[in-house]
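work-v7.cif (mmCIF, C-alpha atoms) appears below.
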```
data_coords
#
loop_
_atom_site.label_atom_id
_atom_site.label_comp_id
_atom_site.auth_asym_id
_atom_site.auth_seq_id
_atom_site.Cartn_x
_atom_site.Cartn_y
_atom_site.Cartn_z
CA MET A 1 14.24 -59.68 148.08
CA THR A 2 12.97 -63.01 149.38
CA ALA A 3 14.20 -64.46 152.67
CA ALA A 4 16.08 -67.14 150.73
CA ALA A 5 17.80 -64.51 148.59
CA ALA A 6 18.76 -62.52 151.69
CA ARG A 7 20.26 -65.61 153.32
CA ALA A 8 22.19 -66.34 150.14
CA ALA A 9 23.51 -62.77 149.97
CA VAL A 10 24.85 -62.76 153.53
CA PRO A 11 25.74 -65.91 155.50
CA ALA A 12 24.44 -66.35 159.04
CA PHE A 13 26.66 -64.98 161.81
CA PRO A 14 26.99 -66.48 165.30
CA PRO A 15 24.16 -66.15 167.84
CA GLY A 16 24.11 -62.76 169.53
CA PHE A 17 25.96 -61.02 166.71
CA LEU A 18 25.27 -57.26 166.99
CA TRP A 19 23.95 -55.42 163.92
CA GLY A 20 23.94 -51.65 163.81
CA VAL A 21 24.47 -48.41 161.93
CA SER A 22 26.66 -45.43 162.80
CA THR A 23 26.58 -41.63 162.65
CA SER A 24 28.44 -38.77 164.34
CA ALA A 25 27.13 -35.67 166.08
CA HIS A 26 28.79 -32.94 164.04
CA GLN A 27 27.86 -34.61 160.77
CA ILE A 28 24.12 -34.89 161.40
CA GLU A 29 22.88 -32.91 164.40
CA GLY A 30 22.87 -29.33 163.15
CA ALA A 31 21.49 -26.88 165.76
CA ALA A 32 24.92 -25.29 165.89
CA GLY A 33 23.52 -22.23 167.64
CA GLU A 34 22.38 -24.39 170.56
CA ARG A 35 25.86 -25.58 171.56
CA GLU A 36 29.35 -24.24 172.12
CA PRO A 37 31.50 -23.78 168.97
CA SER A 38 33.71 -26.67 167.89
CA VAL A 39 36.97 -26.81 165.97
CA TRP A 40 34.96 -27.81 162.91
CA ASP A 41 32.85 -24.66 163.07
CA ALA A 42 36.01 -22.55 162.95
CA PHE A 43 37.60 -24.72 160.28
CA ALA A 44 34.55 -24.63 157.98
CA ALA A 45 34.28 -20.85 158.34
CA ALA A 46 37.70 -20.39 156.71
CA PRO A 47 37.48 -20.01 152.90
CA GLY A 48 38.58 -23.01 150.87
CA ARG A 49 38.56 -25.53 153.70
CA ILE A 50 35.35 -27.37 152.73
CA ALA A 51 35.07 -28.59 149.14
CA ASP A 52 31.58 -27.19 148.51
CA GLY A 53 31.89 -24.24 150.89
CA SER A 54 29.24 -25.67 153.20
CA THR A 55 29.03 -25.96 156.99
CA ALA A 56 27.29 -28.31 159.43
CA GLU A 57 25.19 -25.53 160.94
CA VAL A 58 22.03 -27.40 159.93
CA ALA A 59 23.39 -30.68 158.49
CA CYS A 60 20.56 -33.26 158.73
CA ASP A 61 18.89 -31.37 161.62
CA HIS A 62 18.93 -34.59 163.60
CA TYR A 63 18.80 -32.50 166.78
CA HIS A 64 15.21 -31.57 165.97
CA ARG A 65 14.27 -34.65 163.92
CA TYR A 66 15.76 -37.42 166.05
CA ARG A 67 12.37 -39.11 166.57
CA GLU A 68 11.98 -39.49 162.81
CA ASP A 69 15.50 -40.92 162.59
CA VAL A 70 14.93 -43.37 165.44
CA ALA A 71 11.81 -44.56 163.60
CA LEU A 72 14.03 -45.22 160.57
CA LEU A 73 16.34 -47.27 162.79
CA ALA A 74 13.43 -49.28 164.16
CA GLY A 75 12.09 -49.85 160.66
CA LEU A 76 15.48 -51.05 159.51
CA GLY A 77 15.56 -53.66 162.25
CA VAL A 78 19.07 -53.05 163.61
CA ASP A 79 19.98 -54.04 167.15
CA ALA A 80 22.05 -50.96 167.92
CA TYR A 81 22.73 -47.37 166.95
CA ARG A 82 26.23 -45.98 167.22
CA PHE A 83 26.03 -42.19 167.55
CA SER A 84 28.43 -39.69 169.06
CA VAL A 85 27.99 -37.33 171.96
CA SER A 86 29.09 -33.78 171.14
CA TRP A 87 31.50 -32.45 173.76
CA PRO A 88 30.64 -28.86 172.67
CA ARG A 89 26.93 -29.60 173.20
CA VAL A 90 27.49 -31.16 176.61
CA ALA A 91 29.51 -28.05 177.52
CA SER A 92 26.41 -25.93 176.83
CA PRO A 93 23.55 -25.40 179.30
CA GLY A 94 21.02 -28.17 178.91
CA GLY A 95 23.11 -29.91 176.24
CA LEU A 96 22.97 -33.31 177.88
CA GLY A 97 19.20 -33.15 177.77
CA PHE A 98 19.25 -33.89 174.06
CA TYR A 99 21.12 -37.16 174.63
CA ASP A 100 18.74 -38.04 177.45
CA ARG A 101 15.85 -37.69 175.03
CA LEU A 102 17.66 -39.57 172.25
CA VAL A 103 18.60 -42.48 174.51
CA ASP A 104 15.06 -42.70 175.88
CA GLU A 105 13.68 -42.75 172.33
CA LEU A 106 16.12 -45.48 171.30
CA CYS A 107 15.32 -47.63 174.31
CA ALA A 108 11.59 -47.26 173.69
CA ALA A 109 12.15 -48.40 170.08
CA GLY A 110 14.16 -51.44 171.17
CA VAL A 111 17.41 -50.11 169.69
CA ARG A 112 20.51 -50.29 171.86
CA PRO A 113 22.31 -46.92 172.26
CA VAL A 114 26.07 -47.10 171.66
CA PRO A 115 27.60 -43.63 172.23
CA THR A 116 31.03 -42.59 170.99
CA LEU A 117 32.41 -39.96 173.34
CA PHE A 118 34.73 -38.17 170.91
CA HIS A 119 34.26 -38.05 167.15
CA TRP A 120 36.60 -35.17 166.16
CA ASP A 121 34.44 -32.22 167.35
CA LEU A 122 36.65 -30.77 170.07
CA PRO A 123 35.22 -27.67 171.78
CA LEU A 124 36.86 -24.60 170.30
CA SER A 125 37.66 -23.34 173.80
CA VAL A 126 39.64 -26.52 174.49
CA GLN A 127 41.48 -26.13 171.19
CA GLU A 128 42.37 -22.55 172.06
CA ALA A 129 43.83 -23.83 175.34
CA GLY A 130 46.15 -26.18 173.41
CA GLY A 131 43.89 -28.91 172.05
CA TRP A 132 45.26 -32.40 171.64
CA LEU A 133 48.84 -31.08 171.59
CA ASP A 134 48.35 -30.27 175.28
CA ARG A 135 48.37 -33.13 177.77
CA ASP A 136 45.74 -31.39 179.92
CA THR A 137 43.13 -32.07 177.23
CA ALA A 138 43.22 -35.78 178.13
CA GLY A 139 42.26 -34.94 181.71
CA ARG A 140 39.53 -32.55 180.57
CA PHE A 141 38.15 -35.30 178.34
CA ALA A 142 37.98 -37.74 181.26
CA GLU A 143 36.02 -35.16 183.31
CA TYR A 144 33.56 -34.74 180.44
CA VAL A 145 33.23 -38.54 180.07
CA ALA A 146 32.40 -38.86 183.77
CA VAL A 147 29.60 -36.30 183.38
CA VAL A 148 28.10 -38.12 180.37
CA ALA A 149 28.37 -41.55 182.00
CA GLY A 150 26.77 -40.23 185.17
CA ARG A 151 23.78 -39.00 183.18
CA LEU A 152 23.30 -41.80 180.64
CA GLY A 153 24.88 -44.83 182.29
CA ASP A 154 21.59 -46.14 183.69
CA ARG A 155 20.42 -46.82 180.10
CA VAL A 156 23.67 -47.19 178.14
CA ALA A 157 25.68 -50.38 178.50
CA LYS A 158 28.07 -50.25 175.51
CA TRP A 159 30.49 -47.31 175.19
CA ILE A 160 33.13 -46.16 172.70
CA THR A 161 35.81 -43.76 173.92
CA LEU A 162 37.34 -42.30 170.73
CA ASN A 163 36.74 -42.49 167.00
CA GLU A 164 39.73 -42.82 164.66
CA PRO A 165 42.54 -41.03 166.48
CA ALA A 166 44.77 -41.96 163.53
CA GLU A 167 42.76 -39.88 161.05
CA HIS A 168 42.29 -37.06 163.53
CA THR A 169 46.06 -36.94 164.03
CA LEU A 170 47.03 -37.33 160.37
CA LEU A 171 44.37 -35.20 158.69
CA GLY A 172 43.71 -32.72 161.47
CA HIS A 173 47.18 -32.13 162.88
CA ALA A 174 49.77 -33.39 160.41
CA LEU A 175 48.36 -32.51 156.97
CA GLY A 176 45.85 -29.77 157.74
CA THR A 177 43.01 -31.12 155.59
CA HIS A 178 40.68 -31.55 158.59
CA ALA A 179 40.04 -29.44 161.68
CA PRO A 180 41.86 -27.98 163.48
CA GLY A 181 44.01 -27.56 160.37
CA GLY A 182 47.50 -28.21 161.77
CA ARG A 183 50.29 -28.91 159.27
CA LEU A 184 52.85 -30.30 161.67
CA LEU A 185 53.80 -33.56 159.89
CA PHE A 186 55.63 -35.72 162.44
CA ASP A 187 55.45 -33.00 165.08
CA ALA A 188 51.77 -34.00 165.32
CA LEU A 189 52.69 -37.19 167.21
CA PRO A 190 51.88 -35.67 170.64
CA ALA A 191 48.26 -35.33 169.46
CA ALA A 192 48.20 -39.09 168.89
CA HIS A 193 49.66 -39.80 172.32
CA HIS A 194 47.32 -37.45 174.15
CA GLN A 195 44.26 -38.94 172.43
CA LEU A 196 45.38 -42.41 173.46
CA LEU A 197 45.97 -41.18 177.00
CA ALA A 198 42.47 -39.68 176.92
CA HIS A 199 41.14 -43.08 175.89
CA GLY A 200 42.75 -44.76 178.90
CA LEU A 201 41.51 -42.09 181.30
CA ALA A 202 38.04 -42.40 179.78
CA VAL A 203 38.06 -46.17 180.36
CA ARG A 204 38.86 -45.51 184.01
CA ALA A 205 36.09 -42.91 184.26
CA LEU A 206 33.58 -45.27 182.66
CA ARG A 207 34.59 -48.14 184.95
CA ALA A 208 34.14 -45.83 187.95
CA ALA A 209 30.62 -45.14 186.69
CA GLY A 210 29.90 -48.87 186.49
CA ALA A 211 30.40 -49.49 182.75
CA ALA A 212 31.38 -53.03 181.80
CA ASP A 213 31.27 -52.97 177.98
CA ILE A 214 33.87 -50.50 176.67
CA GLY A 215 35.78 -50.27 173.39
CA ILE A 216 37.56 -47.86 171.08
CA ALA A 217 36.93 -47.33 167.34
CA ASN A 218 40.28 -47.35 165.54
CA SER A 219 40.58 -47.24 161.77
CA HIS A 220 42.80 -49.86 160.18
CA SER A 221 43.87 -50.75 156.67
CA PRO A 222 46.16 -53.48 155.35
CA ALA A 223 49.33 -51.82 154.04
CA ARG A 224 50.34 -53.68 150.90
CA PRO A 225 53.73 -52.93 149.32
CA ALA A 226 53.54 -51.64 145.75
CA SER A 227 56.14 -54.27 144.79
CA GLN A 228 58.64 -56.58 146.43
CA ASP A 229 61.38 -54.03 145.92
CA PRO A 230 62.99 -53.55 149.37
CA ALA A 231 62.30 -49.80 149.24
CA ASP A 232 58.58 -50.40 148.66
CA VAL A 233 58.43 -53.06 151.38
CA ALA A 234 60.16 -50.75 153.87
CA ALA A 235 57.79 -47.90 152.99
CA ALA A 236 54.74 -50.15 153.48
CA ASP A 237 56.11 -51.35 156.82
CA PHE A 238 56.55 -47.75 157.98
CA TYR A 239 53.03 -46.87 156.84
CA ASP A 240 51.73 -49.88 158.79
CA VAL A 241 53.48 -48.60 161.91
CA LEU A 242 52.14 -45.08 161.47
CA LEU A 243 48.50 -45.87 160.67
CA ASN A 244 47.94 -49.24 162.32
CA ARG A 245 50.44 -50.28 164.97
CA LEU A 246 50.89 -46.81 166.51
CA PHE A 247 47.22 -46.81 167.54
CA ALA A 248 46.59 -50.51 168.20
CA GLU A 249 49.64 -51.55 170.21
CA PRO A 250 49.47 -49.01 173.05
CA VAL A 251 45.87 -50.15 173.69
CA LEU A 252 46.43 -53.88 173.19
CA LEU A 253 50.04 -54.37 174.27
CA GLY A 254 50.81 -51.37 176.45
CA ARG A 255 53.73 -50.26 174.30
CA TYR A 256 54.52 -48.25 171.19
CA PRO A 257 56.24 -49.73 168.15
CA GLU A 258 60.02 -49.46 168.34
CA GLY A 259 61.31 -45.94 167.84
CA ILE A 260 58.02 -44.15 168.52
CA GLY A 261 58.02 -43.73 172.29
CA GLU A 262 61.16 -41.59 172.38
CA LEU A 263 59.50 -39.09 170.04
CA LEU A 264 56.68 -38.40 172.51
CA PRO A 265 56.50 -35.97 175.43
CA GLY A 266 56.21 -36.72 179.14
CA ASP A 267 56.59 -39.96 181.07
CA VAL A 268 55.52 -42.24 178.25
CA GLU A 269 55.91 -45.48 180.22
CA ALA A 270 53.62 -44.21 182.98
CA ASP A 271 51.10 -42.96 180.42
CA LEU A 272 51.09 -46.31 178.65
CA ARG A 273 49.92 -48.03 181.81
CA ILE A 274 46.83 -45.82 181.57
CA VAL A 275 46.42 -46.21 177.79
CA ALA A 276 46.44 -50.00 178.20
CA GLU A 277 43.51 -50.12 180.62
CA PRO A 278 41.76 -53.32 179.49
CA VAL A 279 38.90 -52.90 177.03
CA ASP A 280 36.06 -55.37 176.57
CA TRP A 281 36.22 -55.31 172.79
CA TYR A 282 38.20 -53.62 170.04
CA GLY A 283 36.44 -51.58 167.35
CA ILE A 284 37.77 -51.51 163.79
CA ASN A 285 36.66 -49.07 161.09
CA TYR A 286 37.51 -50.48 157.67
CA TYR A 287 37.00 -49.01 154.20
CA ALA A 288 39.84 -50.07 151.87
CA PRO A 289 43.41 -51.38 151.84
CA SER A 290 46.40 -49.18 151.03
CA ARG A 291 49.04 -49.82 148.38
CA VAL A 292 52.22 -48.18 149.54
CA GLY A 293 55.57 -47.58 147.88
CA ALA A 294 58.80 -45.68 148.33
CA PRO A 295 58.59 -41.87 148.26
CA ARG A 296 58.53 -40.33 144.80
CA GLY A 297 59.83 -36.91 145.75
CA THR A 298 56.65 -35.12 144.68
CA GLU A 299 53.24 -34.42 146.14
CA THR A 300 50.73 -37.19 145.53
CA GLU A 301 46.95 -37.20 145.66
CA PHE A 302 45.14 -40.03 147.36
CA GLY A 303 41.43 -40.20 148.21
CA GLY A 304 41.11 -36.44 148.04
CA VAL A 305 44.11 -35.85 150.34
CA THR A 306 47.36 -34.28 149.17
CA LEU A 307 50.38 -36.07 150.64
CA PRO A 308 53.53 -33.93 150.90
CA ALA A 309 56.70 -34.92 149.05
CA GLU A 310 58.70 -35.16 152.28
CA LEU A 311 56.77 -38.17 153.63
CA PRO A 312 58.85 -41.37 153.65
CA PHE A 313 56.24 -43.25 151.61
CA SER A 314 53.80 -42.73 148.75
CA VAL A 315 50.29 -44.14 148.49
CA ARG A 316 49.62 -45.69 145.10
CA GLU A 317 46.48 -46.53 143.19
CA ILE A 318 45.13 -50.08 143.47
CA GLU A 319 44.55 -50.95 139.85
CA GLY A 320 41.87 -53.15 138.40
CA ARG A 321 39.28 -52.46 141.09
CA PRO A 322 36.08 -50.44 141.01
CA VAL A 323 36.17 -47.30 143.13
CA THR A 324 33.54 -45.51 145.17
CA ASP A 325 32.59 -41.87 144.67
CA SER A 326 35.32 -41.09 147.20
CA GLY A 327 37.88 -42.71 144.90
CA TRP A 328 38.45 -45.55 147.36
CA PRO A 329 39.01 -49.02 145.86
CA VAL A 330 36.48 -51.73 146.63
CA VAL A 331 38.48 -54.70 147.99
CA PRO A 332 36.29 -56.78 150.33
CA GLU A 333 38.83 -59.58 150.79
CA ALA A 334 41.20 -57.10 152.41
CA LEU A 335 38.82 -57.04 155.40
CA THR A 336 39.42 -60.77 155.89
CA GLU A 337 43.15 -60.13 155.50
CA LEU A 338 43.06 -57.34 158.06
CA LEU A 339 41.17 -59.34 160.69
CA THR A 340 43.16 -62.55 160.37
CA GLY A 341 46.32 -60.42 160.42
CA PHE A 342 45.25 -58.82 163.69
CA ARG A 343 44.53 -62.23 165.18
CA ASP A 344 47.95 -63.53 164.11
CA ARG A 345 49.81 -60.39 165.27
CA TYR A 346 48.17 -59.94 168.68
CA GLY A 347 46.98 -63.43 169.63
CA ASP A 348 45.35 -63.64 173.04
CA ARG A 349 45.96 -59.92 173.65
CA LEU A 350 43.26 -59.16 171.10
CA PRO A 351 39.78 -58.92 172.66
CA PRO A 352 36.63 -59.59 170.65
CA ILE A 353 36.32 -57.34 167.60
CA VAL A 354 33.40 -55.20 166.50
CA ILE A 355 33.40 -53.60 163.04
CA THR A 356 32.37 -50.12 164.11
CA GLU A 357 32.31 -48.62 160.58
CA ASN A 358 32.16 -49.99 157.06
CA GLY A 359 30.50 -48.28 154.13
CA CYS A 360 30.88 -46.38 150.89
CA ALA A 361 29.91 -43.19 149.06
CA TYR A 362 27.61 -43.49 146.04
CA GLU A 363 24.99 -41.19 144.55
CA GLY A 364 21.40 -42.17 143.95
CA VAL A 365 18.49 -43.72 145.80
CA ASP A 366 18.62 -46.93 143.77
CA ASP A 367 22.13 -47.55 145.11
CA GLN A 368 22.92 -51.02 143.81
CA GLU A 369 26.67 -50.34 144.14
CA ARG A 370 26.26 -49.89 147.89
CA ILE A 371 24.33 -53.14 148.14
CA ALA A 372 27.12 -54.95 146.30
CA TYR A 373 29.73 -53.29 148.52
CA LEU A 374 28.00 -54.24 151.77
CA ALA A 375 27.20 -57.78 150.66
CA GLY A 376 30.81 -58.34 149.59
CA HIS A 377 32.20 -57.02 152.85
CA LEU A 378 29.78 -59.03 154.97
CA ARG A 379 30.84 -62.18 153.14
CA ALA A 380 34.48 -61.22 153.74
CA LEU A 381 33.71 -60.64 157.41
CA HIS A 382 32.05 -64.04 157.62
CA ARG A 383 35.18 -65.66 156.15
CA ALA A 384 37.19 -64.09 158.97
CA VAL A 385 34.74 -65.52 161.51
CA GLU A 386 35.05 -68.94 159.86
CA ALA A 387 38.85 -68.58 160.13
CA GLY A 388 38.49 -68.21 163.89
CA VAL A 389 38.47 -64.45 164.40
CA ASP A 390 36.16 -63.49 167.27
CA VAL A 391 33.95 -60.82 165.68
CA ARG A 392 30.90 -59.79 167.70
CA GLY A 393 29.22 -57.08 165.61
CA TYR A 394 29.02 -54.94 162.47
CA PHE A 395 27.95 -51.30 162.05
CA VAL A 396 27.27 -49.76 158.65
CA TRP A 397 28.47 -46.23 157.98
CA SER A 398 26.09 -44.48 157.78
CA LEU A 399 22.40 -44.24 158.56
CA LEU A 400 22.02 -40.85 156.83
CA ASP A 401 23.69 -38.88 154.09
CA ASN A 402 25.50 -36.19 156.05
CA PHE A 403 28.15 -33.48 156.27
CA GLU A 404 31.14 -35.49 155.13
CA TRP A 405 33.85 -33.35 156.78
CA ALA A 406 36.12 -31.58 154.26
CA GLU A 407 34.02 -32.95 151.39
CA GLY A 408 30.95 -31.12 152.64
CA TYR A 409 27.77 -32.61 151.18
CA ALA A 410 29.46 -33.92 148.04
CA ARG A 411 29.72 -37.53 149.26
CA ARG A 412 26.72 -39.64 150.23
CA PHE A 413 27.37 -42.56 152.58
CA GLY A 414 23.82 -43.00 153.86
CA LEU A 415 21.37 -45.87 153.72
CA VAL A 416 18.83 -43.02 153.82
CA HIS A 417 18.93 -40.17 151.30
CA VAL A 418 18.67 -36.67 152.76
CA ASP A 419 17.53 -33.72 150.68
CA PHE A 420 19.67 -30.99 152.23
CA THR A 421 17.21 -28.29 151.15
CA THR A 422 13.99 -29.80 152.51
CA LEU A 423 15.65 -32.30 154.92
CA GLU A 424 13.27 -34.99 153.65
CA ARG A 425 14.49 -38.52 154.36
CA THR A 426 14.09 -41.24 151.70
CA PRO A 427 15.24 -44.79 152.42
CA LYS A 428 17.46 -46.06 149.61
CA ALA A 429 17.49 -49.48 147.98
CA SER A 430 20.35 -50.40 150.33
CA TYR A 431 18.15 -49.64 153.36
CA HIS A 432 15.45 -51.98 152.10
CA TRP A 433 18.07 -54.62 151.23
CA LEU A 434 19.65 -54.53 154.66
CA ARG A 435 16.22 -54.69 156.30
CA GLU A 436 15.51 -57.93 154.43
CA VAL A 437 18.94 -59.32 155.33
CA LEU A 438 18.27 -58.62 159.00
CA ARG A 439 14.82 -60.15 158.82
CA ALA A 440 16.25 -63.32 157.30
CA ARG A 441 19.29 -63.61 159.58
CA GLY A 442 19.89 -66.82 161.39
CA ASP A 443 22.16 -65.41 164.11
CA GLY A 444 19.49 -64.67 166.68
#
```
Starting from the file, lay out its structure as structure tokens.
Amino acid sequence: MTAAAARAAVPAFPPGFLWGVSTSAHQIEGAAGEREPSVWDAFAAAPGRIADGSTAEVACDHYHRYREDVALLAGLGVDAYRFSVSWPRVASPGGLGFYDRLVDELCAAGVRPVPTLFHWDLPLSVQEAGGWLDRDTAGRFAEYVAVVAGRLGDRVAKWITLNEPAEHTLLGHALGTHAPGGRLLFDALPAAHHQLLAHGLAVRALRAAGAADIGIANSHSPARPASQDPADVAAADFYDVLLNRLFAEPVLLGRYPEGIGELLPGDVEADLRIVAEPVDWYGINYYAPSRVGAPRGTETEFGGVTLPAELPFSVREIEGRPVTDSGWPVVPEALTELLTGFRDRYGDRLPPIVITENGCAYEGVDDQERIAYLAGHLRALHRAVEAGVDVRGYFVWSLLDNFEWAEGYARRFGLVHVDFTTLERTPKASYHWLREVLRARGDG
């Protein structure tokens, strides 16, 4: 691709715009025997939990090959690398040493480290003590955060507390399709509250360690009604509360949507004062919109997840759109819709936004579909910026093909292909495309 073609593919973003890629510890690190067990180790060991029967015991072996992966980051030309710190690894003797080495390697390569402090891999010992259904886990998390910040804070400026508490609550505690495998439906709400409380306590711990650039990575999706029938509109509104507002409003507004707070344990008002500790920016993970209708009275399948009949909504197919290998519709303009909607809903309570994940699953090294997906979403993101939304950065999911949770190794999100037998890394066409886009950027 020529520089002119790269500029045409992706418009220039404002000066200082942050470009990066993301991964998570459990999905890429491997070296499972060199850390404490996590809930995902136990979950994957149970028959039938992971689609291909695999585990993340080796994954991409990033733990031993991190220098090679940092070289790939430097070659790509990104400003920043969003990775996650494994709580189970930090709980093991010498576990923080790995992140010391990784951060040093990143700094030497001129790539800014952006750690996420929880990306779903709760220590199994903490789960056995109650996990996220137990309020004490929030306090334990804050203690762990203080340890990590004390060790890495001299080189790390930008921090992320939690990744996608909505998915971890829904898939891990309500529906049982992710670790720890709870099938509690709406009785899973305390797990949401305690994660949000953990976020607030983590912000306080990071501030005490001198951090001044803190955010959270929440997943969000426009909830579009299947029709204008009042039952479909009401179902979409409820879905919006459950997947969007429930996780955004405690952080941004210091309150839960109407009717939610009374379903939660403890002194919710006091907890909310902690949850709403000011953040410096708000991270959004976006993949696709949702088309939502009234319940149909039967189980439905959506994106590989079975939704029980008793839910007060059903998720419908978005017709007339291409889909990724995950079955997710490709709707770039919904990203513009989401961001302008956030601006309109939250106004001056909304801090600057960073897109902390955006990406897609496709097979092949000549992954032209991924290039089209990323280019379309970057143009949609630029339209949001032109409409006045304060967006400060964009992270692609993901640097590497990896262990994709309950899908095992059956879905490839990486800019870099990984042969899971030899562990050989091969940059895909999308890697080379993004490198040329970054070389041609006019955002400084």
Go through segment 86-139 of chain A residue by residue and, counting only C-alpha atoms, keep those with an atom at most 7 Å from segment 32-51 of chain A; for each kept residue give the shortest atom pair and its distance in Å to one decimal, ordered by chain and increasing number, as CSV.
```
residue,atom,partner,partner_atom,distance
A:Pro88,CA,A:Glu36,CA,4.8
A:Arg89,CA,A:Arg35,CA,4.5
A:Ala91,CA,A:Glu36,CA,6.6
A:Ser92,CA,A:Arg35,CA,5.3
A:Gly95,CA,A:Arg35,CA,6.9
A:Asp121,CA,A:Ser38,CA,5.6
A:Leu122,CA,A:Ser38,CA,5.5
A:Pro123,CA,A:Ser38,CA,4.3
A:Leu124,CA,A:Ser38,CA,4.5
A:Gln127,CA,A:Val39,CA,6.9
```
Close residues, segment 195-203 of chain A itself excluded, 6 Å, only C-alpha atoms, min 4 positions apart in chain, as a VMD selection string: chain A and resid 138 142 161 274 to 275 277
Would you write out those residues with C-alpha atoms, as a short mmCIF file (atom, residue, chain, number, x, y, z; two decimals), in the coordinates of the input?
```
data_model
loop_
_atom_site.label_atom_id
_atom_site.label_comp_id
_atom_site.auth_asym_id
_atom_site.auth_seq_id
_atom_site.Cartn_x
_atom_site.Cartn_y
_atom_site.Cartn_z
CA ALA A 138 43.22 -35.78 178.13
CA ALA A 142 37.98 -37.74 181.26
CA THR A 161 35.81 -43.76 173.92
CA ILE A 274 46.83 -45.82 181.57
CA VAL A 275 46.42 -46.21 177.79
CA GLU A 277 43.51 -50.12 180.62
#
```
Residues within 9 Å of (35.3, -63.4, 155.6), file coords, all atoms listed in the file, listed as a PyMOL selection string: chain A and resi 332-333+335-337+339+377-387
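Interatomic distance, atom CA of Gly327 of chain A to atom CA of Arg392 of chain A: 29.3 Å.
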Ground truth for the PyMOL selection byres ((chain A and resi 243-256) around 7), written as a VMD selection string: chain A and resid 166 220 239 to 242 257 to 258 260 to 261 272 to 273 275 to 276 349 to 350
Report the centre and edge lengths, in Å to one decimal, of an axis-aligned box enclosing every atom of segment 263-266 of chain A listed in the file, padded by 4 Å on each side, as AutoDock Vina command-line options.
```
--center_x 57.9 --center_y -37.5 --center_z 174.6 --size_x 11.3 --size_y 11.1 --size_z 17.1
```
Quick one: which residues end up in the PyMOL selection byres ((chain A and resi 174) around 10) for this structure, as a PDB file with C-alpha atoms, in the coordinates of the input?
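Once written, part.pdb looks like this:
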```
ATOM      1  CA  GLU A 167      42.760 -39.880 161.050  1.00  0.00           C
ATOM      2  CA  HIS A 168      42.290 -37.060 163.530  1.00  0.00           C
ATOM      3  CA  THR A 169      46.060 -36.940 164.030  1.00  0.00           C
ATOM      4  CA  LEU A 170      47.030 -37.330 160.370  1.00  0.00           C
ATOM      5  CA  LEU A 171      44.370 -35.200 158.690  1.00  0.00           C
ATOM      6  CA  GLY A 172      43.710 -32.720 161.470  1.00  0.00           C
ATOM      7  CA  HIS A 173      47.180 -32.130 162.880  1.00  0.00           C
ATOM      8  CA  LEU A 175      48.360 -32.510 156.970  1.00  0.00           C
ATOM      9  CA  GLY A 176      45.850 -29.770 157.740  1.00  0.00           C
ATOM     10  CA  THR A 177      43.010 -31.120 155.590  1.00  0.00           C
ATOM     11  CA  HIS A 178      40.680 -31.550 158.590  1.00  0.00           C
ATOM     12  CA  GLY A 181      44.010 -27.560 160.370  1.00  0.00           C
ATOM     13  CA  GLY A 182      47.500 -28.210 161.770  1.00  0.00           C
ATOM     14  CA  ARG A 183      50.290 -28.910 159.270  1.00  0.00           C
ATOM     15  CA  LEU A 184      52.850 -30.300 161.670  1.00  0.00           C
ATOM     16  CA  LEU A 185      53.800 -33.560 159.890  1.00  0.00           C
ATOM     17  CA  PHE A 186      55.630 -35.720 162.440  1.00  0.00           C
ATOM     18  CA  ASP A 187      55.450 -33.000 165.080  1.00  0.00           C
ATOM     19  CA  ALA A 188      51.770 -34.000 165.320  1.00  0.00           C
ATOM     20  CA  LEU A 189      52.690 -37.190 167.210  1.00  0.00           C
ATOM     21  CA  ALA A 191      48.260 -35.330 169.460  1.00  0.00           C
TER      22      ALA A 191
END
```
Selection result for the PyMOL selection byres ((chain A and resi 359) around 8) on this file, as a ChimeraX atom specification: /A:287,357-358,360-361,370,373-374,396-398,413
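Around the point (28.5, -55.7, 159.2), within 7 Å and counting all atoms listed in the file, we find these residues: Trp19, Ile355, Leu378, Gly393, Tyr394, Phe395 and Val396 of chain A.
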8 Å contact set for Asp134 of chain A, all atoms listed in the file, chain neighbours under 2 positions out, as a PyMOL selection string: chain A and resi 129-132+136-137+190-191+194
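In this comparison, which uses all atoms listed in the file, the residue of A:Asp100, A:Glu299, A:Glu369, A:Asp237 approaching Thr324 of chain A most closely is A:Glu369.
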Nearest residue to Arg425 of chain A from the set A:Val90, A:Leu18, A:Ala410, A:Cys60 (distances using only C-alpha atoms): A:Cys60
Who sits within 8 Å of Ala217 of chain A, all atoms listed in the file, same chain under 2 positions skipped, as an MDAnalysis selection string: chainID A and resid 160:164 215 219 282:285 356
Contacts of Arg435 of chain A at 9 Å (all atoms listed in the file; same-chain gap of 6+ positions) as a ChimeraX atom specification: /A:75-78
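Considering only C-alpha atoms, the residue among A:Val111, A:Leu415, A:Leu307, A:Ala288 positioned nearest to Val323 of chain A is A:Ala288.
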Closest of A:Ile214, A:Leu72, A:Val58, A:Val10 to Leu438 of chain A - atom-to-atom distances counting all atoms listed in the file: A:Val10
Point-to-point distance in Å for atom CA of Asp367 of chain A and atom CA of Glu319 of chain A: 23.3 Å
